[in-house]
Each structure stands twice: as C-alpha cells, then as structure tokens.
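> Here it is, the structure in full.
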Amino acid sequence: MAHYNDRMQKQPPPGDGSTNVVTLRPVEDGDLPILYEHQRDPESVRMSAFPAREREPYMAHMAMIRANPSNMILTILFDGQVAGSMFSWEQDGHREVGYRVGREFWGRGIATRALAALLQEVTERPLFGYTAEHNIASMRVLQKCGFVRAGETKGVLNVGGELVTEVFFRLD
C-alpha cells in the first residue's frame with residue numbers, strides 16, 4: 001500500500017478532524033458503487049472527454065481490468081473516504097497512468113498526491129499520461145509530478161458528438 005501525505009496542500013478548517021491523508025490501496029468490491037458514480041458525473045465526463053458506462057458494462061469492465069495482473073487499479077482514499085481511482089496499464093508497448101477523482105474532492109491536491117504515491121510504486125519509465133486539452137487541472141497534476149508535455153492528437157476524443165484534442169505527457 002502506498003501512502004503520501006503532503007501538509008503543504010490545502011488544509012481543512014481548524015477543528016474539523018480531517019488530516020488531509022491521501023492513501024492508495026487495491027480496489028475493493030465495496031468501492032465500485034462510488035467509483036461508478038464518479039465516472040457518471042456529467043462534469044467529470046466533460047472534463048475527461050471519456051463517456052460514462054452504464055452500471056453492468058462498468059462492473060464488467062472493472063472485473064476485466066482487475067483480473068489482469070499487469071494492470072494496477074487502486075482506490076484513492078482521502079482521510080479514509082473513497083475519493084477516486086488511480087490506474088496504470090500497458091498499452092501499445094508502453095505503460096500509462098490515469099486517474100479520476102470525485103467532483104466533491106476536486107481542488108484539494110488529491111490527484112497530485114495520489115499520482116506521486118503511485119510513481120513511488122511504478123518505477124517503469126517512460127510513463128505516459130493522456131488528457132483532454134481543455135482539462136487544465138489534469139495537465140497540472142501530470143506536470144507537478146514531473147511529466148512533460150510530449151504532443152497532442154487533434155480531434156480523437158468524442159463525447160456527445162464533440163471532437164476533443166488529446167494531449168499526452170511523458171515521464172522519463
């Protein structure tokens with residue numbers, strides 16, 4: 001299990017009991033309903049430019065990727081709450097990373113801290129991360145973790161009939 005706690009990130013108001021601890025652990029069956037809702041959130045779909053799956057296809061997809069030993073799929077916990085998911089997989093001869101954080105957790109540095117923790121576990125390089133061109137927050141996560149913009153592909157992502165440019169980042 002990876003663990004990363006960065007006290008320099010946004011702090012909670014005094015006395016609310018939170019500690020801003022970001023932890024990664026393997027996805028558990030009980031996480032799936034929460035992660036399913038995260039990927040259905042309309043704003044998350046728009047930002048990721050990746051269409052949401054219906055419940056049964058989503059659960060089947062998660063079972064398939066969890067069964068592949070070359071994939072890493074981890075739950076991001078923030079102060080013990082399921083905040084999102086972190087992925088690493090092999091595609092086209094290289095390793096990629098991806099993440100999704102529930103909207104209620106956006107803007108707290110959680111994705112950055114979770115990716116930094118993952119990078120302690122996944123030592124294979126180069127690593128690649130892809131994001132929609134309009135997803136500035138996701139680009140910043142990758143950049144803060146040392147990824148460098150390596151290129152883009154025009155009009156490859158399509159959600160709701162809108163073609164979106166995909167930007168890719170590389171970490172050596």
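Letters A, B, ... go to the chains of the structure tokens in the order shown; residues in each chain start at 1; ligands are counted from 1 in the same order.
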Would you kindly return, as a list of chain:residue names, each protein, DNA or RNA residue with an atom no farther than 10 Å from any atom of A:Met139, considering only C-alpha atoms and excluding same-chain residues fewer than 3 positions away?

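The neighbour list is A:Gly129, A:Tyr130, A:Thr131, A:Ala132, A:Glu133, A:His134, A:Asn135, A:Ile136, A:Leu142, A:Gln143, A:Lys144, A:Phe147, A:Val148, A:Arg149, A:Val167, A:Phe168, A:Phe169.
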
> Quick one: pick out all helix (DSSP H, G or I) residues within stretch 17-156 of chain A from a backbone DSSP run and write them as a ChimeraX atom specification.

/A:29-40,42-48,55-67,103-105,110-121,136-144

> What does the distance between atom CA of A:Glu152 and atom CA of A:Glu166 come to in Å, to one decimal place?

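Between these atoms lies a distance of 5.5 Å.
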
> Write out as a list of chain:residue names which residues come within 12 Å of A:Met47 when counting only C-alpha atoms, dropping same-chain ones fewer than 4 positions away.

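That gives A:Gln39, A:Arg40, A:Asp41, A:Pro42, A:Glu43, A:Pro51, A:Ala52, A:Arg100, A:Val101, A:Gly102, A:Arg103, A:Trp106, A:Thr131, A:Ala132, A:Glu133, A:His134, A:Asn135, A:Ile136, A:Ala137, A:Ser138, A:Met139, A:Leu157, A:Asn158, A:Val159, A:Val164, A:Thr165, A:Glu166.
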
> Limited to N, CA and C atoms, could you put the picked residues into a file as a PDB file, in the first residue's frame?


ATOM      1  N   GLN A  39     -17.567   8.163 -12.323  1.00  0.00           N
ATOM      2  CA  GLN A  39     -17.417   8.162 -13.776  1.00  0.00           C
ATOM      3  C   GLN A  39     -18.702   8.570 -14.492  1.00  0.00           C
ATOM      4  N   ARG A  40     -19.819   8.626 -13.790  1.00  0.00           N
ATOM      5  CA  ARG A  40     -21.091   9.070 -14.366  1.00  0.00           C
ATOM      6  C   ARG A  40     -21.320  10.567 -14.244  1.00  0.00           C
ATOM      7  N   ASP A  41     -20.594  11.232 -13.369  1.00  0.00           N
ATOM      8  CA  ASP A  41     -20.801  12.647 -13.127  1.00  0.00           C
ATOM      9  C   ASP A  41     -20.635  13.419 -14.431  1.00  0.00           C
ATOM     10  N   PRO A  42     -21.645  14.199 -14.840  1.00  0.00           N
ATOM     11  CA  PRO A  42     -21.576  14.892 -16.135  1.00  0.00           C
ATOM     12  C   PRO A  42     -20.365  15.809 -16.289  1.00  0.00           C
ATOM     13  N   GLU A  43     -19.978  16.504 -15.243  1.00  0.00           N
ATOM     14  CA  GLU A  43     -18.822  17.393 -15.337  1.00  0.00           C
ATOM     15  C   GLU A  43     -17.528  16.591 -15.451  1.00  0.00           C
ATOM     16  N   PRO A  51     -16.673   8.900 -22.266  1.00  0.00           N
ATOM     17  CA  PRO A  51     -18.088   8.662 -21.950  1.00  0.00           C
ATOM     18  C   PRO A  51     -18.270   7.741 -20.747  1.00  0.00           C
ATOM     19  N   ALA A  52     -19.318   7.996 -20.003  1.00  0.00           N
ATOM     20  CA  ALA A  52     -19.669   7.149 -18.868  1.00  0.00           C
ATOM     21  C   ALA A  52     -20.219   5.825 -19.372  1.00  0.00           C
ATOM     22  N   ARG A 100      -9.096   9.360 -11.748  1.00  0.00           N
ATOM     23  CA  ARG A 100     -10.374  10.077 -11.708  1.00  0.00           C
ATOM     24  C   ARG A 100     -10.672  10.321 -10.228  1.00  0.00           C
ATOM     25  N   VAL A 101     -10.993  11.555  -9.920  1.00  0.00           N
ATOM     26  CA  VAL A 101     -11.335  11.942  -8.550  1.00  0.00           C
ATOM     27  C   VAL A 101     -12.765  12.457  -8.569  1.00  0.00           C
ATOM     28  N   GLY A 102     -13.551  12.038  -7.591  1.00  0.00           N
ATOM     29  CA  GLY A 102     -14.920  12.520  -7.479  1.00  0.00           C
ATOM     30  C   GLY A 102     -14.956  14.030  -7.346  1.00  0.00           C
ATOM     31  N   ARG A 103     -15.949  14.643  -7.980  1.00  0.00           N
ATOM     32  CA  ARG A 103     -16.003  16.111  -8.030  1.00  0.00           C
ATOM     33  C   ARG A 103     -15.994  16.748  -6.647  1.00  0.00           C
ATOM     34  N   TRP A 106     -12.452  17.627  -5.746  1.00  0.00           N
ATOM     35  CA  TRP A 106     -11.622  18.422  -6.645  1.00  0.00           C
ATOM     36  C   TRP A 106     -11.036  19.633  -5.925  1.00  0.00           C
ATOM     37  N   THR A 131      -4.639  13.409 -21.513  1.00  0.00           N
ATOM     38  CA  THR A 131      -5.751  14.202 -21.005  1.00  0.00           C
ATOM     39  C   THR A 131      -6.368  15.013 -22.140  1.00  0.00           C
ATOM     40  N   ALA A 132      -7.607  15.367 -21.953  1.00  0.00           N
ATOM     41  CA  ALA A 132      -8.260  16.257 -22.916  1.00  0.00           C
ATOM     42  C   ALA A 132      -7.613  17.630 -22.811  1.00  0.00           C
ATOM     43  N   GLU A 133      -7.483  18.296 -23.948  1.00  0.00           N
ATOM     44  CA  GLU A 133      -6.808  19.598 -23.999  1.00  0.00           C
ATOM     45  C   GLU A 133      -7.447  20.634 -23.076  1.00  0.00           C
ATOM     46  N   HIS A 134      -8.746  20.552 -22.877  1.00  0.00           N
ATOM     47  CA  HIS A 134      -9.422  21.545 -22.034  1.00  0.00           C
ATOM     48  C   HIS A 134      -9.309  21.225 -20.535  1.00  0.00           C
ATOM     49  N   ASN A 135      -8.735  20.078 -20.191  1.00  0.00           N
ATOM     50  CA  ASN A 135      -8.643  19.676 -18.788  1.00  0.00           C
ATOM     51  C   ASN A 135      -7.327  20.183 -18.181  1.00  0.00           C
ATOM     52  N   ILE A 136      -7.281  21.472 -17.932  1.00  0.00           N
ATOM     53  CA  ILE A 136      -6.072  22.125 -17.417  1.00  0.00           C
ATOM     54  C   ILE A 136      -5.671  21.543 -16.057  1.00  0.00           C
ATOM     55  N   ALA A 137      -6.642  21.236 -15.212  1.00  0.00           N
ATOM     56  CA  ALA A 137      -6.331  20.691 -13.884  1.00  0.00           C
ATOM     57  C   ALA A 137      -5.589  19.358 -14.003  1.00  0.00           C
ATOM     58  N   SER A 138      -6.023  18.508 -14.915  1.00  0.00           N
ATOM     59  CA  SER A 138      -5.353  17.225 -15.095  1.00  0.00           C
ATOM     60  C   SER A 138      -3.944  17.412 -15.661  1.00  0.00           C
ATOM     61  N   MET A 139      -3.787  18.376 -16.564  1.00  0.00           N
ATOM     62  CA  MET A 139      -2.447  18.670 -17.077  1.00  0.00           C
ATOM     63  C   MET A 139      -1.521  19.110 -15.952  1.00  0.00           C
ATOM     64  N   LEU A 157     -10.867  12.376 -29.239  1.00  0.00           N
ATOM     65  CA  LEU A 157     -11.830  12.051 -28.198  1.00  0.00           C
ATOM     66  C   LEU A 157     -13.190  12.578 -28.622  1.00  0.00           C
ATOM     67  N   ASN A 158     -14.216  11.790 -28.389  1.00  0.00           N
ATOM     68  CA  ASN A 158     -15.548  12.181 -28.823  1.00  0.00           C
ATOM     69  C   ASN A 158     -16.557  11.851 -27.735  1.00  0.00           C
ATOM     70  N   VAL A 159     -17.091  12.875 -27.111  1.00  0.00           N
ATOM     71  CA  VAL A 159     -18.143  12.715 -26.122  1.00  0.00           C
ATOM     72  C   VAL A 159     -19.283  13.620 -26.538  1.00  0.00           C
ATOM     73  N   VAL A 164     -12.459  16.308 -29.441  1.00  0.00           N
ATOM     74  CA  VAL A 164     -11.585  16.990 -28.496  1.00  0.00           C
ATOM     75  C   VAL A 164     -10.144  16.572 -28.758  1.00  0.00           C
ATOM     76  N   THR A 165      -9.226  17.509 -28.676  1.00  0.00           N
ATOM     77  CA  THR A 165      -7.806  17.206 -28.815  1.00  0.00           C
ATOM     78  C   THR A 165      -7.308  16.534 -27.547  1.00  0.00           C
ATOM     79  N   GLU A 166      -6.527  15.466 -27.734  1.00  0.00           N
ATOM     80  CA  GLU A 166      -5.927  14.751 -26.614  1.00  0.00           C
ATOM     81  C   GLU A 166      -4.459  15.164 -26.515  1.00  0.00           C
TER      82      GLU A 166
END

> Do a neighbour search on stretch 111-122 of chain A at 10 Å with only C-alpha atoms, toss out local chain neighbours closer than 2 positions, and write the hits as number ranges by chain.

A: 1-6, 9, 21-24, 72, 74-78, 83-88, 95, 97-101, 105-109, 124-125, 127, 137-138, 140-146, 171

> So how far away is atom CA of A:Gly155 from atom CA of A:Val45, in Å?

16.3 Å

> Go through stretch 79-130 of chain A and collect every residue that DSSP, computed from the backbone, puts in strand (DSSP E); the answer should be as a ChimeraX atom specification.

/A:81-91,94-101,127-130

> Mind pulling up the distance from atom CA of A:His61 to atom CA of A:Thr153?

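It comes out at 25.5 Å.
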